[in-house]
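**Q** Below: one structure in structure tokens.
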Amino acid sequence: MSRAEPSPASVWRSRLVEMNTAVRRLFERTYGDDAELAAHKRRLLIAMIERTMSLWGNVPVVAARAPGRVNLMGRHIDHQGGSGNMIAIDRDILMLVSPREDSWIHVENLDSGTWDSDRFKLEEIRNWPSDTEWLQGINSAKHREKLKSYCKHWSVYLKAVLARIQTAFPQVFLPGLNVLASGDIPIAGGLSSSSALVVAFTEALTRLLRLPVESSEFAVMCGEAEWYVGTRGGAGDHAAMKLAKKDRVVHIGFHPLRRLSHFPFPSDYRLAVCHSGILAKKRENVREIFNHRVACYHAAREWFKLEHPALAGRIEHLRDINSSHLGLGKAALFEAMKKIPLSVTRAQILARIREPLTLSLVESGGDAAAYPLRAVMLFGLAECERSRRTPELLRRGEFALFGRWMNISHNGDRVTGRGPNDYSDRQLDGLKERDLAEIAGGYSCSDPNIDRMVDIAIRQPGVLGAQLSGAGLGGCMMALVRGDGVQDLITALENEYYRPGGFEPVTLICRPVAGSESLPI
């Protein structure tokens with residue numbers, strides 16, 4: 001398969017400096033009519049081209065961008081077959097990639113003072129297991145040992161993409177590469193900067209190598225590539241970046257991955273994304289906590305199937321445990337959930353469940369003493385319901401109810417300010433007549449600082465709802481706020497959170513932009 005011919009760096013620079021028709025149309029199609037934002041992106045790209053030329057000369061270049069993303073509703077459920085309501089935001093990872101004549105990958109960042117350079121040989125990537133053995137390869141003891149050194153550098157995400165592409169397209173010969181990255185997505189903030197790095201590099205490589213990858217396959221491949229670094233999440237972030245549309249909320253379904261619909265973002269409201277100052281780094285025990293919650297989902301699903309064998313054949317994903325799919329009344333479904341234990345030990349899971357993915361997740365979930373299956377399962381089922389119904393809710397203009405659902409969803413992630421709620425049999429009896437979307441469950445992946453920010457936000461009169469953004473354990477919270485209430489929210493957070501805590505205020509007022517692409521200029 002032949003490679004596409006990229007344009008010389010000097011040609012890119014000339015087009016950007018001249019702001020030719022193609023460049024102007026690209027910025028308008030991607031970001032809308034925000035001239036200040038377009039000028040910022042243009043300056044950043046010119047700086048990247050000039051750095052590329054200073055490092056490697058007037059080399060042929062492919063450019064790509066991938067935006068950060070925000071999931072308005074549908075957290076933690078993409079890998080369970082749920083859905084998400086996504087927007088891409090106007091913060092990006094930008095990447096310039098040029099082929100080399102040797103087998104080295106040279107990795108640089110425009111912000112070299114923060115991000116170290118790296119270089120490695122493609123021999124580290126080649127000869128990986130076949131496509132069907134991807135999970136086996138990344139679960140191997142040999143790979144886990146390599147990760148101990150790999151995860152010290154951000155280039156591990158590029159290695160992940162190279163390895164996944166090589167297994168998916170074994171007939172393609174990977175060339176050596178020069179890679180320059182930059183961007184303005186807050187790092188470790190729950191806006192998926194690492195996934196954007198994966199998506200941008202995949203965009204550049206599929207363009208450079210002319211790989212025939214359609215959008216849904218692209219997102220799944222990116223999601224699986226990120227397993228290389230040790231996480232076991234889904235493809236929700238990558239799908240949001242790839243399938244996003246300017247000025248729209250995109251409703252995305254998973255297993256199989258597809259864009260179900262899209263609808264206008266409410267024009268009278270703004271989405272404020274506010275950084276807590278606590279970094280959500282997916283390493284060490286943070287990654288283990290993330291994998292532990294996913295393991296709880298899978299263990300709860302398999303436990304439910306073992307307890308209800310007559311229903312097991314109709315359950316493939318956690319989302320399938322619902323009244324309409326199983327043909328159960330709401331009361332009967334809650335009665336069936338009583339068979340799911342409140343909490344089990346790792347040993348109890350390993351002794352009873354034989355499903356390979358569940359066992360793999362338990363092995364990667366650290367040394368957790370307990371797996372709270374029932375609370376985690378309830379969060380997942382309720383979040384699937386909230387996310388499924390969100391498009392119609394927003395189309396009808398029921399923004400106040402949507403804000404309430406945001407608050408309930410965050411309550412399921414809280415680690416502070418929760419009342420005593422273990423979802424005992426008695427408590428389940430009290431929930432039988434409740435709308436599933438109104439139940440919080442207990443996923444517990446927030447952070448005390450995020451909880452404080454949410455509490456401050458929801459006290460402001462212009463805020464409809466607020467919740468954690470991203471996978472949790474730090475990062476950002478987001479709030480849906482009327483346009484005239486934005487400044488009141490910013491002021492309240494500065495006075496009650498940022499200044500007392502000694503944090504630098506970081507608030508992004510986001511608007512939906514277009515999805516990822518290789519840049520056609």
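We name chains A, B, ... following the order of the structure tokens; residues begin at 1 in each chain, and ligands are numbered from 1 as shown.
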Do you know which residues are at most 7 Å from segment 380-390 of chain A counting only C-alpha atoms, after dropping those on the same chain fewer than 3 positions away, and could you put them as a compact mmCIF listing (two decimals) with C-alpha atoms, in the first residue's frame?
**A**
```txt
# COMPACT_ATOMS: atom_id res chain seq x y z
CA MET A 73 -24.20 12.63 29.83
CA GLY A 74 -23.03 9.03 29.73
CA ILE A 77 -20.51 3.34 30.30
CA GLY A 82 -24.13 2.42 26.80
CA SER A 83 -24.25 5.68 24.89
CA GLY A 84 -22.78 9.15 25.26
CA ASN A 85 -23.83 12.70 24.41
CA ARG A 319 -26.79 -2.12 29.20
CA VAL A 376 -21.40 0.20 40.73
CA MET A 377 -23.90 -1.82 38.69
CA LEU A 393 -34.96 15.66 26.73
CA LEU A 394 -32.82 18.42 25.22
CA SER A 409 -25.12 11.54 37.92
CA LEU A 436 -34.18 4.63 36.99
CA ALA A 437 -32.74 7.92 35.66
CA ILE A 439 -31.10 6.89 40.91
CA ALA A 440 -27.46 7.77 41.59
```
**Q** I want to know what sits within 10 Å of segment 244-258 of chain A, based on only C-alpha atoms, with residues of the same chain fewer than 4 positions away left out; could you give that as an mmCIF file with N, CA and C atoms, in the first residue's frame?
**A**
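out.cif written:
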```
data_model
loop_
_atom_site.group_PDB
_atom_site.id
_atom_site.type_symbol
_atom_site.label_atom_id
_atom_site.label_comp_id
_atom_site.auth_asym_id
_atom_site.auth_seq_id
_atom_site.Cartn_x
_atom_site.Cartn_y
_atom_site.Cartn_z
ATOM 1 N N GLU A 28 -12.996 28.122 9.535
ATOM 2 C CA GLU A 28 -14.424 28.397 9.645
ATOM 3 C C GLU A 28 -15.214 27.106 9.819
ATOM 4 N N ARG A 29 -14.850 26.081 9.064
ATOM 5 C CA ARG A 29 -15.558 24.803 9.144
ATOM 6 C C ARG A 29 -15.321 24.118 10.479
ATOM 7 N N THR A 30 -14.159 24.351 11.061
ATOM 8 C CA THR A 30 -13.804 23.672 12.316
ATOM 9 C C THR A 30 -14.291 24.432 13.533
ATOM 10 N N TYR A 31 -14.032 25.742 13.576
ATOM 11 C CA TYR A 31 -14.257 26.520 14.789
ATOM 12 C C TYR A 31 -15.393 27.540 14.680
ATOM 13 N N GLY A 32 -15.940 27.726 13.491
ATOM 14 C CA GLY A 32 -16.964 28.747 13.326
ATOM 15 C C GLY A 32 -16.360 30.097 12.992
ATOM 16 N N PRO A 67 -9.536 17.247 18.782
ATOM 17 C CA PRO A 67 -10.020 18.137 19.841
ATOM 18 C C PRO A 67 -10.174 17.414 21.174
ATOM 19 N N ARG A 69 -12.631 16.647 24.399
ATOM 20 C CA ARG A 69 -14.052 16.311 24.344
ATOM 21 C C ARG A 69 -14.693 16.474 25.716
ATOM 22 N N VAL A 70 -15.991 16.709 25.719
ATOM 23 C CA VAL A 70 -16.794 16.717 26.937
ATOM 24 C C VAL A 70 -18.011 15.832 26.688
ATOM 25 N N ASN A 71 -18.304 14.971 27.637
ATOM 26 C CA ASN A 71 -19.464 14.088 27.567
ATOM 27 C C ASN A 71 -20.553 14.671 28.467
ATOM 28 N N LEU A 72 -21.585 15.243 27.872
ATOM 29 C CA LEU A 72 -22.641 15.878 28.656
ATOM 30 C C LEU A 72 -23.388 14.883 29.531
ATOM 31 N N MET A 73 -23.553 13.673 29.043
ATOM 32 C CA MET A 73 -24.197 12.627 29.830
ATOM 33 C C MET A 73 -23.802 11.269 29.261
ATOM 34 N N GLY A 74 -23.398 10.373 30.153
ATOM 35 C CA GLY A 74 -23.030 9.031 29.729
ATOM 36 C C GLY A 74 -21.618 8.646 30.122
ATOM 37 N N ILE A 77 -19.658 4.427 30.800
ATOM 38 C CA ILE A 77 -20.513 3.341 30.302
ATOM 39 C C ILE A 77 -20.259 2.980 28.843
ATOM 40 N N ASP A 78 -19.319 3.644 28.162
ATOM 41 C CA ASP A 78 -19.080 3.299 26.761
ATOM 42 C C ASP A 78 -18.637 1.846 26.633
ATOM 43 N N HIS A 79 -17.776 1.390 27.542
ATOM 44 C CA HIS A 79 -17.298 0.010 27.478
ATOM 45 C C HIS A 79 -18.350 -0.996 27.947
ATOM 46 N N GLN A 80 -19.508 -0.517 28.399
ATOM 47 C CA GLN A 80 -20.611 -1.383 28.822
ATOM 48 C C GLN A 80 -21.762 -1.386 27.819
ATOM 49 N N GLY A 81 -21.518 -0.842 26.629
ATOM 50 C CA GLY A 81 -22.548 -0.817 25.602
ATOM 51 C C GLY A 81 -23.545 0.315 25.757
ATOM 52 N N GLY A 82 -23.255 1.266 26.634
ATOM 53 C CA GLY A 82 -24.135 2.420 26.805
ATOM 54 C C GLY A 82 -23.952 3.418 25.677
ATOM 55 N N SER A 83 -24.390 4.630 25.902
ATOM 56 C CA SER A 83 -24.250 5.679 24.894
ATOM 57 C C SER A 83 -23.712 6.943 25.566
ATOM 58 N N GLY A 84 -23.275 7.885 24.743
ATOM 59 C CA GLY A 84 -22.777 9.151 25.262
ATOM 60 C C GLY A 84 -23.328 10.304 24.457
ATOM 61 N N ASN A 85 -23.362 11.474 25.062
ATOM 62 C CA ASN A 85 -23.829 12.702 24.409
ATOM 63 C C ASN A 85 -22.666 13.689 24.414
ATOM 64 N N MET A 86 -21.954 13.729 23.319
ATOM 65 C CA MET A 86 -20.621 14.306 23.276
ATOM 66 C C MET A 86 -20.565 15.619 22.502
ATOM 67 N N ILE A 87 -19.649 16.471 22.941
ATOM 68 C CA ILE A 87 -19.224 17.600 22.109
ATOM 69 C C ILE A 87 -17.699 17.627 22.097
ATOM 70 N N ALA A 88 -17.157 18.071 20.973
ATOM 71 C CA ALA A 88 -15.732 18.376 20.911
ATOM 72 C C ALA A 88 -15.556 19.840 21.253
ATOM 73 N N ILE A 89 -14.483 20.170 21.959
ATOM 74 C CA ILE A 89 -14.262 21.547 22.388
ATOM 75 C C ILE A 89 -13.130 22.180 21.581
ATOM 76 N N ASP A 90 -13.009 23.496 21.692
ATOM 77 C CA ASP A 90 -12.067 24.230 20.831
ATOM 78 C C ASP A 90 -10.641 24.241 21.372
ATOM 79 N N SER A 215 -14.890 5.706 9.934
ATOM 80 C CA SER A 215 -14.878 6.463 11.185
ATOM 81 C C SER A 215 -15.070 5.600 12.426
ATOM 82 N N SER A 216 -16.052 4.684 12.408
ATOM 83 C CA SER A 216 -16.308 3.867 13.590
ATOM 84 C C SER A 216 -15.143 2.924 13.868
ATOM 85 N N GLU A 217 -14.610 2.319 12.809
ATOM 86 C CA GLU A 217 -13.452 1.437 12.965
ATOM 87 C C GLU A 217 -12.258 2.221 13.507
ATOM 88 N N ALA A 219 -12.299 4.871 15.485
ATOM 89 C CA ALA A 219 -12.467 5.135 16.911
ATOM 90 C C ALA A 219 -12.203 3.893 17.748
ATOM 91 N N VAL A 220 -12.709 2.747 17.307
ATOM 92 C CA VAL A 220 -12.484 1.499 18.045
ATOM 93 C C VAL A 220 -10.992 1.174 18.089
ATOM 94 N N GLY A 234 -13.165 2.133 27.126
ATOM 95 C CA GLY A 234 -13.786 1.952 25.826
ATOM 96 C C GLY A 234 -13.274 2.961 24.819
ATOM 97 N N ALA A 235 -14.063 3.168 23.775
ATOM 98 C CA ALA A 235 -13.677 4.067 22.692
ATOM 99 C C ALA A 235 -14.507 5.338 22.701
ATOM 100 N N GLY A 236 -15.133 5.664 23.835
ATOM 101 C CA GLY A 236 -16.022 6.815 23.884
ATOM 102 C C GLY A 236 -15.336 8.124 23.583
ATOM 103 N N HIS A 238 -12.531 8.658 21.976
ATOM 104 C CA HIS A 238 -12.014 8.670 20.606
ATOM 105 C C HIS A 238 -13.163 8.840 19.609
ATOM 106 N N ALA A 239 -14.303 8.209 19.893
ATOM 107 C CA ALA A 239 -15.468 8.368 19.022
ATOM 108 C C ALA A 239 -15.975 9.801 19.055
ATOM 109 N N ALA A 240 -15.990 10.408 20.250
ATOM 110 C CA ALA A 240 -16.438 11.795 20.365
ATOM 111 C C ALA A 240 -15.563 12.710 19.528
ATOM 112 N N HIS A 262 -27.658 13.489 16.087
ATOM 113 C CA HIS A 262 -27.034 14.712 16.586
ATOM 114 C C HIS A 262 -28.099 15.786 16.641
ATOM 115 N N PHE A 263 -27.896 16.739 17.526
ATOM 116 C CA PHE A 263 -28.909 17.765 17.763
ATOM 117 C C PHE A 263 -28.222 19.037 18.233
ATOM 118 N N PRO A 264 -28.865 20.200 18.087
ATOM 119 C CA PRO A 264 -28.209 21.466 18.409
ATOM 120 C C PRO A 264 -27.877 21.579 19.903
ATOM 121 N N PHE A 265 -26.714 22.134 20.174
ATOM 122 C CA PHE A 265 -26.381 22.512 21.540
ATOM 123 C C PHE A 265 -27.263 23.707 21.914
ATOM 124 N N PRO A 266 -27.877 23.730 23.108
ATOM 125 C CA PRO A 266 -28.804 24.821 23.461
ATOM 126 C C PRO A 266 -28.136 26.188 23.372
ATOM 127 N N SER A 267 -28.654 27.043 22.516
ATOM 128 C CA SER A 267 -27.975 28.292 22.173
ATOM 129 C C SER A 267 -27.929 29.298 23.314
ATOM 130 N N GLU A 316 -25.471 -9.481 26.868
ATOM 131 C CA GLU A 316 -24.099 -9.426 26.368
ATOM 132 C C GLU A 316 -23.316 -8.315 27.052
ATOM 133 N N HIS A 317 -23.977 -7.175 27.277
ATOM 134 C CA HIS A 317 -23.350 -6.029 27.918
ATOM 135 C C HIS A 317 -24.194 -5.607 29.120
ATOM 136 N N SER A 387 -28.423 8.643 29.745
ATOM 137 C CA SER A 387 -27.791 8.985 28.477
ATOM 138 C C SER A 387 -28.696 8.656 27.295
ATOM 139 N N ARG A 388 -29.394 7.534 27.364
ATOM 140 C CA ARG A 388 -30.288 7.144 26.268
ATOM 141 C C ARG A 388 -31.387 8.169 26.053
ATOM 142 N N THR A 390 -31.332 11.453 27.005
ATOM 143 C CA THR A 390 -30.876 12.846 26.937
ATOM 144 C C THR A 390 -31.221 13.546 25.623
ATOM 145 N N PRO A 391 -31.019 12.930 24.441
ATOM 146 C CA PRO A 391 -31.330 13.672 23.207
ATOM 147 C C PRO A 391 -32.766 14.173 23.157
ATOM 148 N N LEU A 394 -33.342 17.130 25.659
ATOM 149 C CA LEU A 394 -32.817 18.419 25.224
ATOM 150 C C LEU A 394 -33.546 18.940 23.991
ATOM 151 N N ARG A 511 -17.558 25.685 23.332
ATOM 152 C CA ARG A 511 -18.543 25.611 22.275
ATOM 153 C C ARG A 511 -18.204 24.403 21.417
ATOM 154 N N PRO A 512 -19.194 23.693 20.885
ATOM 155 C CA PRO A 512 -18.913 22.491 20.094
ATOM 156 C C PRO A 512 -18.212 22.825 18.773
ATOM 157 N N VAL A 513 -17.125 22.116 18.490
ATOM 158 C CA VAL A 513 -16.387 22.295 17.238
ATOM 159 C C VAL A 513 -16.392 20.985 16.461
ATOM 160 N N ALA A 514 -15.809 21.009 15.264
ATOM 161 C CA ALA A 514 -15.788 19.840 14.394
ATOM 162 C C ALA A 514 -14.822 18.783 14.912
ATOM 163 N N GLY A 515 -15.002 17.571 14.422
ATOM 164 C CA GLY A 515 -14.199 16.446 14.871
ATOM 165 C C GLY A 515 -12.806 16.412 14.268
ATOM 166 N N SER A 516 -12.045 15.389 14.637
ATOM 167 C CA SER A 516 -10.640 15.259 14.254
ATOM 168 C C SER A 516 -10.494 15.026 12.750
#
```
**Q** I need the residues in segment 6-165 of chain A that are strand (DSSP E or B) according to DSSP; give them as a CSV table (one decimal) with N, CA and C atoms, in the first residue's frame.
**A**
```csv
chain,number,residue,atom,x,y,z
A,7,SER,N,3.0,17.5,1.8
A,7,SER,CA,3.5,18.7,1.2
A,7,SER,C,4.8,19.1,2.0
A,8,PRO,N,5.7,19.7,1.4
A,8,PRO,CA,6.9,20.2,2.1
A,8,PRO,C,6.5,21.2,3.1
A,60,PRO,N,8.8,16.8,3.9
A,60,PRO,CA,7.4,16.7,3.6
A,60,PRO,C,6.6,16.4,4.9
A,61,VAL,N,5.4,17.0,5.0
A,61,VAL,CA,4.7,17.0,6.3
A,61,VAL,C,3.2,16.6,6.1
A,62,VAL,N,2.7,15.8,7.0
A,62,VAL,CA,1.3,15.6,7.2
A,62,VAL,C,0.9,16.2,8.5
A,63,ALA,N,-0.2,17.0,8.5
A,63,ALA,CA,-0.7,17.6,9.7
A,63,ALA,C,-2.0,17.1,10.1
A,64,ALA,N,-2.3,17.0,11.4
A,64,ALA,CA,-3.5,16.5,12.0
A,64,ALA,C,-3.9,17.2,13.2
A,65,ARG,N,-5.2,17.2,13.5
A,65,ARG,CA,-5.7,17.8,14.8
A,65,ARG,C,-6.7,16.8,15.4
A,66,ALA,N,-6.8,16.9,16.7
A,66,ALA,CA,-7.8,16.1,17.5
A,66,ALA,C,-8.2,17.0,18.6
A,67,PRO,N,-9.5,17.2,18.8
A,67,PRO,CA,-10.0,18.1,19.8
A,67,PRO,C,-10.2,17.4,21.2
A,68,GLY,N,-10.2,18.2,22.3
A,68,GLY,CA,-10.6,17.6,23.5
A,68,GLY,C,-12.1,17.4,23.4
A,69,ARG,N,-12.6,16.6,24.4
A,69,ARG,CA,-14.1,16.3,24.3
A,69,ARG,C,-14.7,16.5,25.7
A,70,VAL,N,-16.0,16.7,25.7
A,70,VAL,CA,-16.8,16.7,26.9
A,70,VAL,C,-18.0,15.8,26.7
A,71,ASN,N,-18.3,15.0,27.6
A,71,ASN,CA,-19.5,14.1,27.6
A,71,ASN,C,-20.6,14.7,28.5
A,72,LEU,N,-21.6,15.2,27.9
A,72,LEU,CA,-22.6,15.9,28.7
A,72,LEU,C,-23.4,14.9,29.5
A,73,MET,N,-23.6,13.7,29.0
A,73,MET,CA,-24.2,12.6,29.8
A,73,MET,C,-23.8,11.3,29.3
A,83,SER,N,-24.4,4.6,25.9
A,83,SER,CA,-24.3,5.7,24.9
A,83,SER,C,-23.7,6.9,25.6
A,84,GLY,N,-23.3,7.9,24.7
A,84,GLY,CA,-22.8,9.2,25.3
A,84,GLY,C,-23.3,10.3,24.5
A,85,ASN,N,-23.4,11.5,25.1
A,85,ASN,CA,-23.8,12.7,24.4
A,85,ASN,C,-22.7,13.7,24.4
A,86,MET,N,-22.0,13.7,23.3
A,86,MET,CA,-20.6,14.3,23.3
A,86,MET,C,-20.6,15.6,22.5
A,87,ILE,N,-19.6,16.5,22.9
A,87,ILE,CA,-19.2,17.6,22.1
A,87,ILE,C,-17.7,17.6,22.1
A,88,ALA,N,-17.2,18.1,21.0
A,88,ALA,CA,-15.7,18.4,20.9
A,88,ALA,C,-15.6,19.8,21.3
A,89,ILE,N,-14.5,20.2,22.0
A,89,ILE,CA,-14.3,21.5,22.4
A,89,ILE,C,-13.1,22.2,21.6
A,90,ASP,N,-13.0,23.5,21.7
A,90,ASP,CA,-12.1,24.2,20.8
A,90,ASP,C,-10.6,24.2,21.4
A,91,ARG,N,-10.3,23.2,22.1
A,91,ARG,CA,-8.9,23.0,22.5
A,91,ARG,C,-8.4,21.7,21.8
A,92,ASP,N,-7.2,21.7,21.2
A,92,ASP,CA,-6.8,20.6,20.4
A,92,ASP,C,-5.4,20.1,20.8
A,93,ILE,N,-5.1,18.9,20.3
A,93,ILE,CA,-3.8,18.4,20.1
A,93,ILE,C,-3.5,18.5,18.6
A,94,LEU,N,-2.4,19.2,18.2
A,94,LEU,CA,-2.0,19.4,16.8
A,94,LEU,C,-0.7,18.6,16.6
A,95,MET,N,-0.6,18.0,15.5
A,95,MET,CA,0.6,17.1,15.2
A,95,MET,C,1.1,17.3,13.8
A,96,LEU,N,2.4,17.3,13.6
A,96,LEU,CA,3.0,17.3,12.3
A,96,LEU,C,3.9,16.0,12.3
A,97,VAL,N,3.7,15.3,11.2
A,97,VAL,CA,4.4,14.0,11.0
A,97,VAL,C,5.1,14.0,9.7
A,98,SER,N,6.4,13.6,9.6
A,98,SER,CA,7.1,13.5,8.3
A,98,SER,C,7.8,12.1,8.3
A,99,PRO,N,7.9,11.5,7.2
A,99,PRO,CA,8.6,10.2,7.1
A,99,PRO,C,10.1,10.4,7.1
A,100,ARG,N,10.8,9.3,7.6
A,100,ARG,CA,12.3,9.3,7.6
A,100,ARG,C,12.7,8.2,6.7
A,104,TRP,N,14.0,5.0,12.7
A,104,TRP,CA,13.8,5.7,14.0
A,104,TRP,C,12.6,6.5,14.0
A,105,ILE,N,12.0,6.6,15.2
A,105,ILE,CA,10.9,7.6,15.5
A,105,ILE,C,11.4,8.7,16.4
A,106,HIS,N,11.5,9.9,15.9
A,106,HIS,CA,11.9,11.1,16.7
A,106,HIS,C,10.7,11.8,17.1
A,107,VAL,N,10.6,12.0,18.4
A,107,VAL,CA,9.4,12.6,19.0
A,107,VAL,C,9.8,13.9,19.7
A,108,GLU,N,9.1,15.0,19.3
A,108,GLU,CA,9.4,16.3,19.9
A,108,GLU,C,8.1,17.0,20.3
A,109,ASN,N,8.1,17.9,21.2
A,109,ASN,CA,6.9,18.8,21.6
A,109,ASN,C,7.3,20.2,21.4
A,118,ASP,N,12.0,12.4,22.7
A,118,ASP,CA,12.3,11.0,22.8
A,118,ASP,C,12.6,10.5,21.4
A,119,ARG,N,13.3,9.3,21.4
A,119,ARG,CA,13.4,8.6,20.1
A,119,ARG,C,13.6,7.2,20.4
A,120,PHE,N,13.0,6.4,19.5
A,120,PHE,CA,13.1,4.9,19.7
A,120,PHE,C,13.0,4.3,18.3
A,121,LYS,N,13.4,3.0,18.2
A,121,LYS,CA,13.5,2.3,17.0
A,121,LYS,C,12.2,1.5,16.8
```
**Q** Sorted by chain and rising residue number, which residues of segment 136-255 of chain A lie within 12 Å of segment 460-478 of chain A, and what are their closest atom pairs and distances in Å to one decimal, counting only C-alpha atoms, as CSV?
**A**
```
residue,atom,partner,partner_atom,distance
A:Ile185,CA,A:Cys476,CA,11.7
A:Pro186,CA,A:Gly475,CA,8.9
A:Ile187,CA,A:Gly475,CA,8.5
A:Ala188,CA,A:Gly475,CA,5.9
A:Gly189,CA,A:Gly475,CA,3.6
A:Gly190,CA,A:Gly470,CA,4.2
A:Leu191,CA,A:Gly470,CA,6.1
A:Ser192,CA,A:Gly470,CA,7.2
A:Ser193,CA,A:Gly470,CA,10.6
A:Ser194,CA,A:Gly470,CA,11.8
A:Ser195,CA,A:Gly470,CA,11.3
A:Thr231,CA,A:Ala471,CA,11.2
A:Arg232,CA,A:Ala471,CA,11.9
A:Gly233,CA,A:Ala471,CA,9.4
A:Gly234,CA,A:Ala471,CA,11.2
A:Gly236,CA,A:Gly470,CA,10.4
A:Asp237,CA,A:Gly470,CA,8.9
```
**Q** Please dump the current selection as a compact mmCIF listing (two decimals), in the first residue's frame; keep N, CA and C atoms.
**A**
```
# COMPACT_ATOMS: atom_id res chain seq x y z
N ILE A 185 -5.04 21.61 25.15
CA ILE A 185 -5.96 20.90 26.04
C ILE A 185 -5.30 20.80 27.41
N PRO A 186 -5.96 21.23 28.49
CA PRO A 186 -5.36 21.06 29.81
C PRO A 186 -5.01 19.60 30.08
N ILE A 187 -3.78 19.36 30.51
CA ILE A 187 -3.29 18.00 30.72
C ILE A 187 -3.87 17.42 32.01
N ALA A 188 -4.24 16.13 31.96
CA ALA A 188 -4.76 15.41 33.13
C ALA A 188 -5.94 16.14 33.75
N GLY A 189 -6.79 16.70 32.88
CA GLY A 189 -7.93 17.46 33.38
C GLY A 189 -9.27 16.82 33.11
N GLY A 190 -9.28 15.58 32.64
CA GLY A 190 -10.55 14.94 32.34
C GLY A 190 -11.12 15.35 31.01
N LEU A 191 -10.32 16.00 30.15
CA LEU A 191 -10.77 16.41 28.82
C LEU A 191 -10.14 15.55 27.73
N SER A 192 -9.50 14.46 28.17
CA SER A 192 -8.95 13.45 27.27
C SER A 192 -7.80 13.94 26.41
N SER A 193 -6.85 14.63 27.02
CA SER A 193 -5.68 15.06 26.27
C SER A 193 -4.88 13.86 25.77
N SER A 194 -4.79 12.80 26.56
CA SER A 194 -4.04 11.62 26.11
C SER A 194 -4.74 10.93 24.95
N SER A 195 -6.07 10.83 25.02
CA SER A 195 -6.80 10.23 23.90
C SER A 195 -6.69 11.10 22.65
N THR A 231 -4.63 0.95 30.61
CA THR A 231 -6.04 1.15 30.94
C THR A 231 -6.88 0.17 30.13
N ARG A 232 -8.14 -0.01 30.55
CA ARG A 232 -9.03 -0.94 29.86
C ARG A 232 -10.39 -0.27 29.62
N GLY A 233 -10.35 0.96 29.15
CA GLY A 233 -11.58 1.69 28.88
C GLY A 233 -12.13 1.39 27.50
N GLY A 234 -13.17 2.13 27.13
CA GLY A 234 -13.79 1.95 25.83
C GLY A 234 -13.27 2.96 24.82
N GLY A 236 -15.13 5.66 23.83
CA GLY A 236 -16.02 6.81 23.88
C GLY A 236 -15.34 8.12 23.58
N ASP A 237 -14.18 8.36 24.20
CA ASP A 237 -13.47 9.62 23.98
C ASP A 237 -13.04 9.74 22.52
```
**Q** Tell me which protein, DNA and RNA residues are within 8 Å of Arg314 of chain A, counting only C-alpha atoms, leaving out same-chain ones fewer than 4 positions away, and put them as a VMD selection string.
**A** chain A and resid 320 325 to 326
**Q** Counting only C-alpha atoms, which of A:Leu162, A:Met53, A:Ala310, A:Ile490 gets nearest to Leu180 of chain A?
**A** A:Met53
**Q** Which of segment 381-465 of chain A counts as helix (DSSP H, G or I) under DSSP, as a PyMOL selection string please?
**A** chain A and resi 381-395+399-413+425-431+436-438+448-458
**Q** Between atom CA of Pro448 of chain A and atom CA of Gly502 of chain A, measure the distance and give it in Å to one decimal.
**A**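 One can read the atom CA of Pro448 of chain A to atom CA of Gly502 of chain A distance as 15.3 Å.
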**Q** Find the distance between atom CA of Ser343 of chain A and atom CA of Arg434 of chain A and write it in Å to one decimal.
**A** 23.4 Å
**Q** Nearest to Ser10 of chain A among A:Ser360, A:Thr114, A:Ser276, A:Asn58, with distances taken over only C-alpha atoms: which residue is it?
**A**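 For Ser10 of chain A, the nearest of the given residues is A:Asn58.
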**Q** Return the single residue from A:Met221, A:Ala181, A:Met48, A:Leu147 that is closest to Arg13 of chain A, with distances computed using only C-alpha atoms.
**A** A:Met48
